[in-house]
$ cat upload.txt   # compact mmCIF, C-alpha atoms
# COMPACT_ATOMS: atom_id res chain seq x y z
CA ASP E 5 -59.55 1.96 160.40
CA GLY E 6 -55.95 0.97 161.06
CA GLY E 7 -53.80 0.38 158.04
CA ILE E 8 -51.29 1.60 155.54
CA THR E 9 -52.02 4.36 153.06
CA GLN E 10 -49.97 4.84 149.94
CA SER E 11 -50.28 7.78 147.58
CA PRO E 12 -50.57 8.43 144.79
CA LYS E 13 -52.02 5.24 143.28
CA TYR E 14 -50.84 6.18 139.80
CA LEU E 15 -48.00 8.50 138.91
CA PHE E 16 -46.46 9.54 135.61
CA ARG E 17 -43.05 11.08 135.45
CA LYS E 18 -40.80 12.38 132.75
CA GLU E 19 -37.30 11.00 132.50
CA GLY E 20 -34.84 12.92 134.64
CA GLN E 21 -37.38 13.91 137.29
CA ASN E 22 -37.35 12.79 140.90
CA VAL E 23 -40.65 11.62 142.35
CA THR E 24 -41.68 10.85 145.94
CA LEU E 25 -44.13 8.12 146.92
CA SER E 26 -45.90 8.52 150.23
CA CYS E 27 -46.48 5.77 152.81
CA GLU E 28 -48.29 6.40 156.08
CA GLN E 29 -49.29 3.86 158.75
CA ASN E 30 -51.43 4.20 161.85
CA LEU E 31 -50.72 0.73 163.22
CA ASN E 32 -48.00 1.98 165.59
CA HIS E 33 -45.54 -0.40 163.91
CA ASP E 34 -41.82 0.06 164.39
CA ALA E 35 -40.68 -1.42 161.08
CA MET E 36 -41.53 -0.22 157.57
CA TYR E 37 -40.47 -1.50 154.16
CA TRP E 38 -40.53 -0.57 150.48
CA TYR E 39 -40.82 -3.28 147.83
CA ARG E 40 -40.80 -3.12 144.07
CA GLN E 41 -42.67 -5.50 141.77
CA ASP E 42 -41.91 -6.03 138.10
CA PRO E 43 -43.97 -8.30 135.81
CA GLY E 44 -43.21 -11.97 136.41
CA GLN E 45 -40.99 -11.27 139.41
CA GLY E 46 -41.42 -11.47 143.15
CA LEU E 47 -41.41 -8.48 145.45
CA ARG E 48 -37.89 -7.10 145.85
CA LEU E 49 -36.82 -5.11 148.91
CA ILE E 50 -35.65 -1.56 148.23
CA TYR E 51 -35.21 -0.08 151.72
CA TYR E 52 -36.39 -0.84 155.23
CA SER E 53 -36.48 0.99 158.52
CA GLN E 54 -36.61 -0.65 161.94
CA ILE E 55 -36.85 2.54 163.97
CA VAL E 56 -37.32 6.26 163.53
CA ASN E 57 -34.29 8.07 162.08
CA ASP E 58 -32.69 4.83 160.92
CA PHE E 59 -32.98 2.87 157.67
CA GLN E 60 -31.02 0.27 155.73
CA LYS E 61 -30.60 -0.59 152.08
CA GLY E 62 -32.38 -3.64 150.77
CA ASP E 63 -31.46 -5.70 147.73
CA ILE E 64 -32.10 -3.02 145.08
CA ALA E 65 -31.50 0.36 146.75
CA GLU E 66 -29.57 2.03 143.93
CA GLY E 67 -31.41 5.07 142.55
CA TYR E 68 -33.75 5.32 145.54
CA SER E 69 -33.72 7.27 148.79
CA VAL E 70 -35.88 7.22 151.92
CA SER E 71 -36.35 9.05 155.19
CA ARG E 72 -37.95 8.07 158.49
CA GLU E 73 -38.47 11.25 160.48
CA LYS E 74 -41.71 10.05 162.05
CA LYS E 75 -42.82 6.58 163.11
CA GLU E 76 -45.92 6.82 160.91
CA SER E 77 -44.24 7.88 157.70
CA PHE E 78 -41.70 6.31 155.33
CA PRO E 79 -41.59 8.17 151.99
CA LEU E 80 -39.64 6.76 149.04
CA THR E 81 -37.98 9.02 146.48
CA VAL E 82 -37.29 7.55 143.07
CA THR E 83 -34.41 9.59 141.74
CA SER E 84 -33.31 10.23 138.18
CA ALA E 85 -30.43 7.82 138.85
CA GLN E 86 -32.84 4.86 138.89
CA LYS E 87 -32.42 3.35 135.42
CA ASN E 88 -35.72 1.45 135.19
CA PRO E 89 -38.15 3.21 137.52
CA THR E 90 -41.38 2.07 135.84
CA ALA E 91 -42.77 -0.48 138.29
CA PHE E 92 -45.35 -1.17 140.98
CA TYR E 93 -44.24 -0.08 144.47
CA LEU E 94 -45.58 -1.57 147.69
CA CYS E 95 -45.07 -0.24 151.21
CA ALA E 96 -45.40 -2.53 154.23
CA SER E 97 -45.02 -2.45 157.99
CA SER E 98 -44.56 -4.95 160.80
CA ALA E 99 -44.95 -4.75 164.54
CA ARG E 100 -41.57 -6.35 165.21
CA THR E 101 -38.16 -5.93 163.66
CA GLY E 102 -35.21 -8.16 162.91
CA LEU E 103 -35.62 -11.79 161.93
CA ASN E 104 -38.91 -12.39 163.71
CA THR E 105 -41.03 -9.69 162.10
CA GLY E 106 -44.34 -11.49 162.24
CA GLU E 107 -46.74 -10.80 159.42
CA LEU E 108 -46.33 -7.82 157.13
CA PHE E 109 -49.17 -5.38 156.54
CA PHE E 110 -49.23 -3.86 153.05
CA GLY E 111 -50.60 -0.78 151.38
CA GLU E 112 -52.43 -0.96 148.06
CA GLY E 113 -49.40 0.13 146.08
CA SER E 114 -48.35 2.92 143.73
CA ARG E 115 -47.83 2.40 140.03
CA LEU E 116 -45.11 4.63 138.59
CA THR E 117 -44.75 5.07 134.85
CA VAL E 118 -41.87 6.97 133.34
CA LEU E 119 -42.68 8.55 130.00
CA ILE U 28 -30.34 -12.82 148.80
CA LEU U 29 -32.28 -15.95 149.67
CA ASN U 30 -33.51 -18.05 146.72
CA VAL U 31 -37.25 -18.60 147.21
CA GLU U 32 -39.09 -20.32 144.38
CA GLN U 33 -42.77 -20.97 143.82
CA SER U 34 -44.47 -23.39 141.49
CA PRO U 35 -46.47 -23.42 139.40
CA GLN U 36 -46.40 -19.81 138.16
CA SER U 37 -50.09 -19.99 137.34
CA LEU U 38 -52.92 -22.44 137.75
CA HIS U 39 -56.46 -22.68 136.37
CA VAL U 40 -58.92 -24.88 138.27
CA GLN U 41 -62.68 -25.49 138.23
CA GLU U 42 -64.85 -24.40 141.11
CA GLY U 43 -64.94 -27.21 143.65
CA ASP U 44 -61.51 -28.60 142.77
CA SER U 45 -58.89 -28.87 145.49
CA THR U 46 -55.46 -27.60 144.63
CA ASN U 47 -52.01 -27.06 146.07
CA PHE U 48 -48.85 -25.16 145.29
CA THR U 49 -45.27 -25.26 146.45
CA CYS U 50 -42.76 -22.86 147.91
CA SER U 51 -39.13 -23.97 148.15
CA PHE U 52 -36.35 -22.24 150.03
CA PRO U 53 -32.84 -22.98 151.33
CA SER U 54 -33.10 -25.06 154.47
CA SER U 55 -29.91 -23.88 156.14
CA ASN U 56 -30.40 -21.49 159.08
CA PHE U 57 -34.11 -21.23 158.30
CA TYR U 58 -36.09 -18.78 160.41
CA ALA U 59 -39.63 -18.22 159.11
CA LEU U 60 -41.92 -18.83 156.14
CA HIS U 61 -44.84 -16.53 155.29
CA TRP U 62 -47.80 -17.04 152.93
CA TYR U 63 -49.80 -14.07 151.58
CA ARG U 64 -52.87 -13.81 149.36
CA TRP U 65 -52.94 -10.91 146.91
CA GLU U 66 -56.23 -10.20 145.19
CA THR U 67 -56.31 -7.90 142.21
CA ALA U 68 -56.53 -4.19 143.15
CA LYS U 69 -56.12 -4.98 146.84
CA SER U 70 -53.24 -5.22 149.33
CA PRO U 71 -51.48 -8.52 149.97
CA GLU U 72 -52.83 -10.08 153.16
CA ALA U 73 -51.07 -12.52 155.44
CA LEU U 74 -52.40 -16.07 155.54
CA PHE U 75 -49.81 -17.83 157.66
CA VAL U 76 -46.46 -17.30 159.34
CA MET U 77 -44.71 -20.56 160.19
CA THR U 78 -41.44 -21.18 161.95
CA LEU U 79 -41.31 -24.79 163.18
CA ASN U 80 -40.55 -27.89 161.15
CA GLY U 81 -43.75 -29.89 160.76
CA ASP U 82 -45.98 -26.85 161.38
CA GLU U 83 -49.46 -27.16 159.90
CA LYS U 84 -51.77 -24.16 159.90
CA LYS U 85 -55.35 -23.82 158.71
CA LYS U 86 -57.68 -20.93 157.94
CA GLY U 87 -61.05 -22.06 156.65
CA ARG U 88 -60.50 -24.07 153.45
CA ILE U 89 -56.85 -23.05 153.20
CA SER U 90 -54.04 -24.86 154.98
CA ALA U 91 -50.25 -24.91 154.83
CA THR U 92 -47.48 -27.25 155.88
CA LEU U 93 -43.81 -26.61 156.49
CA ASN U 94 -40.77 -28.85 156.08
CA THR U 95 -37.68 -26.91 157.11
CA LYS U 96 -35.30 -29.88 156.78
CA GLU U 97 -35.96 -30.28 153.06
CA GLY U 98 -36.83 -26.64 152.44
CA TYR U 99 -40.41 -26.56 151.22
CA SER U 100 -43.91 -25.49 152.17
CA TYR U 101 -47.22 -26.51 150.59
CA LEU U 102 -50.36 -24.40 150.44
CA TYR U 103 -53.60 -26.35 149.99
CA ILE U 104 -57.02 -25.01 149.04
CA LYS U 105 -59.91 -27.40 149.51
CA GLY U 106 -62.96 -26.99 147.27
CA SER U 107 -61.74 -23.89 145.41
CA GLN U 108 -64.20 -21.04 144.97
CA PRO U 109 -64.05 -18.13 142.48
CA GLU U 110 -63.24 -15.79 145.38
CA ASP U 111 -60.03 -17.77 145.95
CA SER U 112 -58.71 -16.38 142.66
CA ALA U 113 -55.62 -14.41 143.60
CA THR U 114 -51.84 -14.49 143.54
CA TYR U 115 -50.39 -16.45 146.43
CA LEU U 116 -46.98 -15.27 147.61
CA CYS U 117 -44.57 -17.03 149.89
CA ALA U 118 -41.61 -15.39 151.58
CA GLY U 119 -38.84 -16.82 153.71
CA ASN U 120 -35.93 -15.65 155.75
CA ASN U 121 -32.98 -17.19 157.48
CA ALA U 122 -30.36 -15.87 159.84
CA GLY U 123 -28.66 -12.96 158.13
CA ASN U 124 -31.30 -12.29 155.48
CA MET U 125 -34.38 -10.16 155.34
CA LEU U 126 -37.64 -11.71 154.14
CA THR U 127 -37.33 -12.71 150.46
CA PHE U 128 -40.40 -13.27 148.30
CA GLY U 129 -40.94 -15.88 145.64
CA GLY U 130 -42.46 -15.00 142.27
CA GLY U 131 -45.96 -16.02 143.31
CA THR U 132 -48.54 -18.51 142.05
CA ARG U 133 -51.48 -16.98 140.22
CA LEU U 134 -54.64 -19.02 140.83
CA MET U 135 -57.75 -18.63 138.67
CA VAL U 136 -60.89 -20.52 139.71
CA LYS U 137 -63.51 -20.88 136.99
CA PRO U 138 -67.16 -21.01 138.07
$ encode --input "upload.txt" --output "structure tokens"
Amino acid sequence: DGGITQSPKYLFRKEGQNVTLSCEQNLNHDAMYWYRQDPGQGLRLIYYSQIVNDFQKGDIAEGYSVSREKKESFPLTVTSAQKNPTAFYLCASSARTGLNTGELFFGEGSRLTVL
Amino acid sequence: ILNVEQSPQSLHVQEGDSTNFTCSFPSSNFYALHWYRWETAKSPEALFVMTLNGDEKKKGRISATLNTKEGYSYLYIKGSQPEDSATYLCAGNNAGNMLTFGGGTRLMVKP
């Protein structure tokens, strides 16, 4: 089945540790995105990538890093510099880039808890 | 960052009731408006993507309208069913901004 796979679903981390969330898609989409959700808030864009080997900061990129070495994969690293990392993280992809992305396809999310 | 707002935040209705919610967004340089349904423990799924003023789209009992001049979109659900219980997200973008999501409307349909 075509889709987006995020792993792990649940992750616990001690303060000061970096952690990497995986996102893989087999939809052959050019664009991929990382969003963060906090209780009572909408999805906020962390990073996005419109093509392999290129990515841009979203609205809340501080304390995060990404890479896009392959079209299928867009991992997100939550670094120790992220002050409030406990959140729900969603990865998405779209067939088109720029303003006219068309619909986004989402993974099931990863819940990160910092102890 | 675009200011996209949804109301109400949450809504409880009886099975069989029809309901609607609102998404408002800045009307200047509008490009597109998306609606997604997000059921608990699942991925958000696209319902509609609309770009033209006056657009009306329908999928089964769910429909949406778009007014880009005044900056709002309505989502309607006719004859709500328990399986319609979900969070409904809207997202908009204009020239110069990536897609920005509203806070969502959480719908609970009681049997």
$ closest_atom_pairs --input "upload.txt" --of "chain U" --to "chain E" --cutoff "10 Å" --atoms "all atoms listed in the file" --output "tab-separated table"
residue	atom	partner	partner_atom	distance
U:Ile28	CA	E:Asp63	CA	7.3
U:Val31	CA	E:Gly46	CA	9.2
U:Glu32	CA	E:Gly46	CA	9.2
U:Gln33	CA	E:Gly46	CA	9.6
U:Gln36	CA	E:Gly44	CA	8.6
U:Tyr58	CA	E:Leu103	CA	7.2
U:Ala59	CA	E:Asn104	CA	7.5
U:Leu60	CA	E:Gly106	CA	9.8
U:His61	CA	E:Glu107	CA	7.3
U:Trp62	CA	E:Glu107	CA	9.1
U:Tyr63	CA	E:Glu107	CA	9.0
U:Thr67	CA	E:Glu112	CA	9.9
U:Ala68	CA	E:Glu112	CA	7.2
U:Lys69	CA	E:Glu112	CA	5.6
U:Ser70	CA	E:Glu112	CA	4.5
U:Pro71	CA	E:Phe110	CA	6.0
U:Glu72	CA	E:Phe109	CA	6.8
U:Ala73	CA	E:Glu107	CA	6.1
U:Leu74	CA	E:Glu107	CA	8.7
U:Phe75	CA	E:Glu107	CA	7.9
U:Val76	CA	E:Glu107	CA	6.5
U:Met77	CA	E:Gly106	CA	9.3
U:Thr78	CA	E:Asn104	CA	9.3
U:Leu116	CA	E:Gly46	CA	8.1
U:Cys117	CA	E:Gly46	CA	9.3
U:Ala118	CA	E:Leu47	CA	9.2
U:Asn120	CA	E:Leu103	CA	7.3
U:Asn121	CA	E:Leu103	CA	7.5
U:Ala122	CA	E:Leu103	CA	7.0
U:Gly123	CA	E:Leu103	CA	8.0
U:Asn124	CA	E:Leu103	CA	7.8
U:Met125	CA	E:Leu103	CA	6.9
U:Leu126	CA	E:Leu103	CA	8.0
U:Thr127	CA	E:Arg48	CA	7.3
U:Phe128	CA	E:Gly46	CA	5.6
U:Gly129	CA	E:Gly46	CA	5.1
U:Gly130	CA	E:Gly46	CA	3.8
U:Gly131	CA	E:Gly46	CA	6.4
$ atom_distance --input "upload.txt" --atom1 "atom CA of Asn80 of chain U" --atom2 "atom CA of Pro53 of chain U"
13.4 Å
$ residues_around --input "upload.txt" --residues "Leu25 of chain E" --least-positions-apart "3" --cutoff "8 Å" --atoms "all atoms listed in the file" --output "VMD selection string"
chain E and resid 10 to 12 79 to 82 114
$ closest_residue --input "upload.txt" --among "U:Ser51, U:Ser90, U:Asn56, U:Thr132" --to "Ser112 of chain U" --atoms "only C-alpha atoms"
U:Thr132
$ atom_distance --input "upload.txt" --atom1 "atom CA of Arg64 of chain U" --atom2 "atom CA of Thr9 of chain E"
18.6 Å
$ atom_distance --input "upload.txt" --atom1 "atom CA of Pro138 of chain U" --atom2 "atom CA of Ile104 of chain U"
15.5 Å
$ axis_aligned_box --input "upload.txt" --around "segment 110-116 of chain E" --padding-each-side "3 Å" --output "AutoDock Vina command-line options"
--center_x -48.8 --center_y 0.4 --center_z 145.8 --size_x 13.3 --size_y 14.5 --size_z 20.5
